[in-house]
Amino acid sequence: MSETLPIPTVHTVADLRAIVSGWKSDGKTVGFVPTMGALHAGHISLIDIAKSRADKTVASVFVNPKQFAPGEDFGAYPRTLPDDAARLAAAGCDLLYAPNGPEMYPDGFATSVHVGGPSQELETRFRPHFFDGVATVVTKLFTQVRPDCAVFGEKDYQQLLVITRLAADLDLDVDIIPGPVVREADGLALSSRNVYLSPENRVRAVRLNALLFSCAEALEKGEPISGTLNTARMIAESAFDLVDYIEVRCAETLSALPGPVLDRPARILAAIRLGDTRLIDNVAAHPA
Ligand code: PAF
């Protein structure tokens with residue numbers, strides 16, 4: 001246990017298990033919110049959901065090296081544990097689990113978890129290592145925390161579907177609960193990476209959500225998927241420094257829609273770059 005942080009904090013699997021086992025033997029249910037820290041209001045909304053669904057809430061903070069490729073921002077990723085602990089305490093979270101690298105990946109660690117299905121395409125085309133890293137650490141976190149439910153933000157929509165698939169396929173016995181995207185007043189989706197944006201790029205970033213919402217509106221009016229996407233891609237090419245993708249996919253499976261118009265609940269997903277910062281966002285679109 002850490003005495004310097006304003007919330008009960010454990011750094012080892014053994015200490016974590018001792019506390020969670022105590023709760024379980026008292027008949028308490030456990031909700032879990034895994035994070036990489038640099039917490040913002042979006043994360044706190046996930047804590048609120050976990051608290052509404054379980055008797056006790058655990059949050060983890062671990063910047064997972066396995067989901068960053070060489071050259072990505074692992075070293076620069078914001079690490080703000082004292083602030084994170086203060087936010088979690090204020091939100092009424094019961095326990096912070098903050099393992100270090102060797103606790104999570106001891107010498108000789110040699111296992112990787114691969115999920116197929118919803119992990120294909122989209123993020124994987126640009127970050128091929130990403131979902132294996134996420135699935136590996138989340139599998140470990142689930143077996144360490146043993147939660148009854150775990151909350152994942154819809155901001156990382158593909159990740160949410162990958163984890164849902166993982167939990168079902170491996171019978172992990174944890175309910176995966178989605179948390180809605182939380183946005184700034186101007187619509188920018190909250191992200192720990194928004195701190196990287198220069199003031200000028202912060203202004204430009206707002207165009208991402210505006211574009212996705214206008215796509216959703218067009219599709220919901222029955223406009224053709226291919227024309228809507230072509231227009232959106234053209235606008236995005238001129239608004240941002242690079243467009244990794246803008247796609248419309250089935251909201252349940254992330255498979256491509258048969259078209260030509262929206263015929264099922266869909267998700268419009270995008271990843272773009274502004275300077276060195278990569279932003280992802282997505283919005284829902286429902287057929288009339
Ligand atoms: O979404 C995140 O912050 C991370 O991908 C997660 C789920 C905590 C795994 O490291």
# chains A, B, ... in the order shown; residues from 1 in each chain; ligands from 1

$ select_by_dssp --residues "region 75-186 of chain A" --states "strand (DSSP E or B)" --output "PyMOL selection string"
chain A and resi 95-97+149-153+175-179+183

$ write_last_selection --atoms "all heavy atoms" --output "short mmCIF file (atom, residue, chain, number, x, y, z; two decimals), in the first residue's frame"
data_model
loop_
_atom_site.label_atom_id
_atom_site.label_comp_id
_atom_site.auth_asym_id
_atom_site.auth_seq_id
_atom_site.Cartn_x
_atom_site.Cartn_y
_atom_site.Cartn_z
N LEU A 95 -9.85 1.55 -5.12
CA LEU A 95 -8.48 1.04 -5.12
C LEU A 95 -7.79 1.38 -6.44
O LEU A 95 -8.39 1.23 -7.51
CB LEU A 95 -8.50 -0.49 -4.96
CG LEU A 95 -7.14 -1.19 -4.87
CD1 LEU A 95 -6.39 -0.79 -3.59
CD2 LEU A 95 -7.32 -2.71 -4.89
N LEU A 96 -6.56 1.84 -6.33
CA LEU A 96 -5.72 2.08 -7.51
C LEU A 96 -4.67 0.98 -7.58
O LEU A 96 -3.96 0.73 -6.60
CB LEU A 96 -5.04 3.46 -7.39
CG LEU A 96 -3.88 3.77 -8.34
CD1 LEU A 96 -4.32 3.67 -9.81
CD2 LEU A 96 -3.34 5.17 -8.06
N TYR A 97 -4.60 0.33 -8.73
CA TYR A 97 -3.57 -0.69 -8.97
C TYR A 97 -2.59 -0.12 -9.97
O TYR A 97 -2.96 0.18 -11.11
CB TYR A 97 -4.24 -1.96 -9.51
CG TYR A 97 -3.28 -3.05 -9.95
CD1 TYR A 97 -2.18 -3.40 -9.18
CD2 TYR A 97 -3.50 -3.73 -11.15
CE1 TYR A 97 -1.31 -4.40 -9.59
CE2 TYR A 97 -2.64 -4.74 -11.56
CZ TYR A 97 -1.55 -5.07 -10.78
OH TYR A 97 -0.69 -6.06 -11.19
N CYS A 149 -17.24 -6.87 -13.62
CA CYS A 149 -17.48 -6.10 -14.84
C CYS A 149 -16.31 -5.15 -15.07
O CYS A 149 -15.58 -4.81 -14.13
CB CYS A 149 -18.81 -5.33 -14.77
SG CYS A 149 -18.86 -4.07 -13.51
N ALA A 150 -16.13 -4.76 -16.33
CA ALA A 150 -15.06 -3.81 -16.67
C ALA A 150 -15.62 -2.83 -17.69
O ALA A 150 -16.40 -3.23 -18.57
CB ALA A 150 -13.85 -4.55 -17.23
N VAL A 151 -15.23 -1.56 -17.55
CA VAL A 151 -15.81 -0.51 -18.39
C VAL A 151 -14.75 0.01 -19.36
O VAL A 151 -13.63 0.35 -18.94
CB VAL A 151 -16.35 0.65 -17.53
CG1 VAL A 151 -17.20 1.59 -18.39
CG2 VAL A 151 -17.17 0.14 -16.35
N PHE A 152 -15.10 0.06 -20.64
CA PHE A 152 -14.20 0.55 -21.68
C PHE A 152 -14.91 1.64 -22.47
O PHE A 152 -16.08 1.50 -22.83
CB PHE A 152 -13.80 -0.59 -22.64
CG PHE A 152 -12.87 -1.59 -22.01
CD1 PHE A 152 -13.36 -2.58 -21.19
CD2 PHE A 152 -11.50 -1.50 -22.22
CE1 PHE A 152 -12.50 -3.49 -20.59
CE2 PHE A 152 -10.63 -2.40 -21.62
CZ PHE A 152 -11.13 -3.40 -20.80
N GLY A 153 -14.19 2.72 -22.79
CA GLY A 153 -14.79 3.85 -23.48
C GLY A 153 -15.06 3.56 -24.95
O GLY A 153 -14.26 2.91 -25.63
N ASP A 175 -18.27 -8.98 -17.43
CA ASP A 175 -19.18 -8.22 -18.31
C ASP A 175 -18.43 -7.01 -18.82
O ASP A 175 -17.92 -6.22 -18.01
CB ASP A 175 -20.38 -7.69 -17.51
CG ASP A 175 -21.43 -8.75 -17.32
OD1 ASP A 175 -21.37 -9.78 -18.01
OD2 ASP A 175 -22.30 -8.53 -16.46
N ILE A 176 -18.41 -6.83 -20.14
CA ILE A 176 -17.75 -5.65 -20.70
C ILE A 176 -18.82 -4.59 -20.94
O ILE A 176 -19.78 -4.81 -21.68
CB ILE A 176 -17.02 -6.00 -22.02
CG1 ILE A 176 -16.06 -7.17 -21.81
CG2 ILE A 176 -16.29 -4.77 -22.57
CD1 ILE A 176 -14.99 -6.96 -20.78
N ILE A 177 -18.64 -3.44 -20.30
CA ILE A 177 -19.66 -2.38 -20.35
C ILE A 177 -19.08 -1.19 -21.12
O ILE A 177 -17.98 -0.71 -20.78
CB ILE A 177 -20.02 -1.93 -18.92
CG1 ILE A 177 -20.53 -3.14 -18.13
CG2 ILE A 177 -21.06 -0.82 -18.93
CD1 ILE A 177 -20.65 -2.88 -16.66
N PRO A 178 -19.80 -0.72 -22.16
CA PRO A 178 -19.30 0.44 -22.90
C PRO A 178 -19.60 1.75 -22.18
O PRO A 178 -20.65 1.89 -21.54
CB PRO A 178 -20.09 0.39 -24.22
CG PRO A 178 -21.30 -0.44 -23.93
CD PRO A 178 -21.05 -1.27 -22.71
N GLY A 179 -18.69 2.71 -22.28
CA GLY A 179 -18.93 4.06 -21.74
C GLY A 179 -18.95 5.05 -22.90
O GLY A 179 -18.04 5.03 -23.74
N ARG A 183 -16.97 14.53 -24.58
CA ARG A 183 -16.41 15.54 -25.48
C ARG A 183 -16.23 16.88 -24.78
O ARG A 183 -16.95 17.18 -23.83
CB ARG A 183 -17.34 15.72 -26.70
CG ARG A 183 -17.47 14.45 -27.51
CD ARG A 183 -18.36 14.60 -28.73
NE ARG A 183 -18.41 13.31 -29.43
CZ ARG A 183 -17.47 12.87 -30.25
NH1 ARG A 183 -16.43 13.64 -30.54
NH2 ARG A 183 -17.56 11.68 -30.81
#

$ residues_near_ligand --ligand "ligand 1" --cutoff "8 Å" --atoms "only C-alpha atoms and all ligand atoms" --output "list in words"
Val33, Pro34, Thr35, Met36, Gly37, Ser60, Val61, Phe62, Val63, Asn64, Gln67, Gly133, Val134, Ala135, Val137, Val138, Phe152, Gly153, Asp156 and Gln159 of chain A

$ closest_atom_pairs --of "region 114-205 of chain A" --to "region 77-82 of chain A" --cutoff "12 Å" --atoms "only C-alpha atoms" --output "JSON lines"
{"residue": "A:Ser191", "atom": "CA", "partner": "A:Pro78", "partner_atom": "CA", "distance": 11.3}
{"residue": "A:Ser192", "atom": "CA", "partner": "A:Pro78", "partner_atom": "CA", "distance": 7.6}
{"residue": "A:Arg193", "atom": "CA", "partner": "A:Tyr77", "partner_atom": "CA", "distance": 7.9}
{"residue": "A:Asn194", "atom": "CA", "partner": "A:Pro78", "partner_atom": "CA", "distance": 10.6}
{"residue": "A:Val195", "atom": "CA", "partner": "A:Pro78", "partner_atom": "CA", "distance": 8.6}
{"residue": "A:Tyr196", "atom": "CA", "partner": "A:Pro78", "partner_atom": "CA", "distance": 9.4}

$ residues_around --residues "Thr231 (chain A)" --least-positions-apart "6" --cutoff "12 Å" --atoms "only C-alpha atoms" --output "ChimeraX atom specification"
/A:211-212,214-215,218,223-225,237-238,246-247

$ residues_around --residues "Leu242 (chain A)" --least-positions-apart "4" --cutoff "10 Å" --atoms "only C-alpha atoms" --output "count of residues only"
9

$ select_by_dssp --residues "region 93-210 of chain A" --states "alpha helix (DSSP H)" --output "PyMOL selection string"
chain A and resi 101-104+123-126+130-145+157-169+199-210

$ closest_residue --among "A:Thr164, A:Gln120, A:Ser226, A:Ser198" --to "Glu252 (chain A)" --atoms "only C-alpha atoms"
A:Thr164

$ residues_around --residues "His286 (chain A)" --least-positions-apart "4" --cutoff "10 Å" --atoms "only C-alpha atoms" --output "PyMOL selection string"
chain A and resi 216-217+219-221+251+262-267

$ decode --residues "region 3-142 of chain A" --atoms "C-alpha atoms" --output "short mmCIF file (atom, residue, chain, number, x, y, z; two decimals), in the first residue's frame"
data_model
loop_
_atom_site.label_atom_id
_atom_site.label_comp_id
_atom_site.auth_asym_id
_atom_site.auth_seq_id
_atom_site.Cartn_x
_atom_site.Cartn_y
_atom_site.Cartn_z
CA GLU A 3 0.92 6.07 2.04
CA THR A 4 1.67 9.12 -0.07
CA LEU A 5 -1.28 8.90 -2.47
CA PRO A 6 -4.82 9.99 -1.51
CA ILE A 7 -6.38 6.61 -2.44
CA PRO A 8 -5.49 3.07 -1.32
CA THR A 9 -2.87 2.04 -3.88
CA VAL A 10 -1.19 -1.29 -4.57
CA HIS A 11 1.70 -2.01 -6.89
CA THR A 12 1.89 -5.82 -6.81
CA VAL A 13 -0.41 -8.64 -7.84
CA ALA A 14 -0.11 -10.15 -4.35
CA ASP A 15 -1.31 -6.96 -2.60
CA LEU A 16 -4.07 -6.49 -5.17
CA ARG A 17 -5.31 -10.06 -4.70
CA ALA A 18 -5.29 -9.78 -0.92
CA ILE A 19 -7.67 -6.80 -1.05
CA VAL A 20 -9.94 -8.08 -3.82
CA SER A 21 -10.19 -11.54 -2.18
CA GLY A 22 -11.28 -9.84 1.06
CA TRP A 23 -14.04 -7.99 -0.80
CA LYS A 24 -15.16 -11.14 -2.59
CA SER A 25 -15.34 -13.14 0.61
CA ASP A 26 -17.58 -10.38 1.99
CA GLY A 27 -19.86 -10.97 -1.03
CA LYS A 28 -18.96 -7.69 -2.80
CA THR A 29 -18.90 -7.35 -6.58
CA VAL A 30 -15.96 -5.65 -8.29
CA GLY A 31 -16.01 -3.19 -11.20
CA PHE A 32 -12.78 -2.41 -13.05
CA VAL A 33 -11.54 0.45 -15.21
CA PRO A 34 -8.15 -0.22 -16.85
CA THR A 35 -6.28 2.92 -17.92
CA MET A 36 -2.85 4.16 -18.93
CA GLY A 37 -3.21 7.17 -16.62
CA ALA A 38 -3.21 10.87 -17.59
CA LEU A 39 -6.80 10.68 -16.43
CA HIS A 40 -9.44 13.13 -17.64
CA ALA A 41 -13.21 13.48 -17.36
CA GLY A 42 -13.69 10.66 -19.89
CA HIS A 43 -11.95 8.19 -17.56
CA ILE A 44 -13.88 9.49 -14.58
CA SER A 45 -17.15 8.87 -16.44
CA LEU A 46 -16.03 5.20 -16.73
CA ILE A 47 -15.36 5.10 -12.97
CA ASP A 48 -18.89 6.47 -12.40
CA ILE A 49 -20.32 3.68 -14.56
CA ALA A 50 -18.27 1.03 -12.72
CA LYS A 51 -19.46 2.41 -9.38
CA SER A 52 -23.08 2.21 -10.52
CA ARG A 53 -22.63 -1.45 -11.54
CA ALA A 54 -20.53 -2.92 -8.72
CA ASP A 55 -19.97 -2.62 -4.95
CA LYS A 56 -16.23 -1.88 -5.24
CA THR A 57 -14.27 -0.17 -8.00
CA VAL A 58 -10.65 -0.75 -9.00
CA ALA A 59 -8.78 1.43 -11.52
CA SER A 60 -5.43 0.44 -12.95
CA VAL A 61 -2.78 2.82 -14.26
CA PHE A 62 -0.15 1.11 -16.39
CA VAL A 63 1.46 2.52 -19.53
CA ASN A 64 1.64 -0.75 -21.43
CA PRO A 65 4.83 -0.96 -23.51
CA LYS A 66 3.45 -3.84 -25.57
CA GLN A 67 0.86 -1.67 -27.30
CA PHE A 68 3.41 0.88 -28.56
CA ALA A 69 5.58 0.21 -31.60
CA PRO A 70 9.19 1.40 -31.67
CA GLY A 71 9.02 5.08 -32.65
CA GLU A 72 5.59 5.65 -31.06
CA ASP A 73 5.12 7.79 -27.97
CA PHE A 74 5.74 5.23 -25.16
CA GLY A 75 8.56 7.33 -23.62
CA ALA A 76 6.68 10.61 -23.98
CA TYR A 77 3.26 9.29 -22.90
CA PRO A 78 2.10 11.53 -20.00
CA ARG A 79 2.74 9.93 -16.60
CA THR A 80 0.81 11.76 -13.87
CA LEU A 81 0.24 9.23 -11.07
CA PRO A 82 -0.26 11.72 -8.17
CA ASP A 83 -2.85 13.67 -10.19
CA ASP A 84 -4.49 10.43 -11.32
CA ALA A 85 -4.70 9.22 -7.72
CA ALA A 86 -6.29 12.52 -6.64
CA ARG A 87 -8.90 12.31 -9.40
CA LEU A 88 -9.70 8.69 -8.58
CA ALA A 89 -10.02 9.50 -4.88
CA ALA A 90 -12.37 12.42 -5.66
CA ALA A 91 -14.45 10.12 -7.89
CA GLY A 92 -14.87 7.61 -5.05
CA CYS A 93 -12.81 4.83 -6.64
CA ASP A 94 -11.88 2.25 -3.97
CA LEU A 95 -8.48 1.04 -5.12
CA LEU A 96 -5.72 2.08 -7.51
CA TYR A 97 -3.57 -0.69 -8.97
CA ALA A 98 -0.34 0.73 -10.41
CA PRO A 99 2.04 -2.11 -11.26
CA ASN A 100 5.49 -1.41 -12.66
CA GLY A 101 6.90 -2.97 -15.85
CA PRO A 102 8.61 -6.02 -14.27
CA GLU A 103 5.53 -6.80 -12.14
CA MET A 104 3.46 -7.01 -15.33
CA TYR A 105 6.11 -8.49 -17.63
CA PRO A 106 8.73 -10.33 -15.55
CA ASP A 107 11.94 -11.56 -17.17
CA GLY A 108 11.17 -14.39 -19.56
CA PHE A 109 7.61 -13.23 -20.28
CA ALA A 110 6.78 -14.85 -23.62
CA THR A 111 3.02 -14.84 -24.16
CA SER A 112 0.95 -12.81 -26.55
CA VAL A 113 -2.84 -12.81 -26.90
CA HIS A 114 -4.18 -12.34 -30.41
CA VAL A 115 -7.85 -11.57 -31.12
CA GLY A 116 -9.04 -11.86 -34.74
CA GLY A 117 -12.47 -10.63 -35.90
CA PRO A 118 -12.93 -6.97 -34.95
CA SER A 119 -9.20 -6.34 -34.62
CA GLN A 120 -8.77 -6.58 -38.39
CA GLU A 121 -8.25 -3.44 -40.51
CA LEU A 122 -8.85 0.15 -39.28
CA GLU A 123 -6.30 0.69 -36.44
CA THR A 124 -4.46 -2.54 -37.26
CA ARG A 125 -3.56 -1.29 -40.73
CA PHE A 126 -1.64 1.58 -39.16
CA ARG A 127 -0.65 0.06 -35.78
CA PRO A 128 -0.26 -3.68 -36.48
CA HIS A 129 1.17 -4.40 -33.01
CA PHE A 130 -1.53 -2.54 -31.11
CA PHE A 131 -4.35 -4.98 -30.39
CA ASP A 132 -2.05 -7.89 -29.47
CA GLY A 133 -0.48 -5.57 -26.87
CA VAL A 134 -3.87 -4.45 -25.59
CA ALA A 135 -5.34 -7.98 -25.52
CA THR A 136 -2.27 -9.33 -23.70
CA VAL A 137 -2.29 -6.69 -20.96
CA VAL A 138 -6.08 -6.73 -20.55
CA THR A 139 -6.08 -10.54 -20.22
CA LYS A 140 -3.44 -10.22 -17.50
CA LEU A 141 -5.28 -7.36 -15.77
CA PHE A 142 -8.53 -9.36 -15.78
#
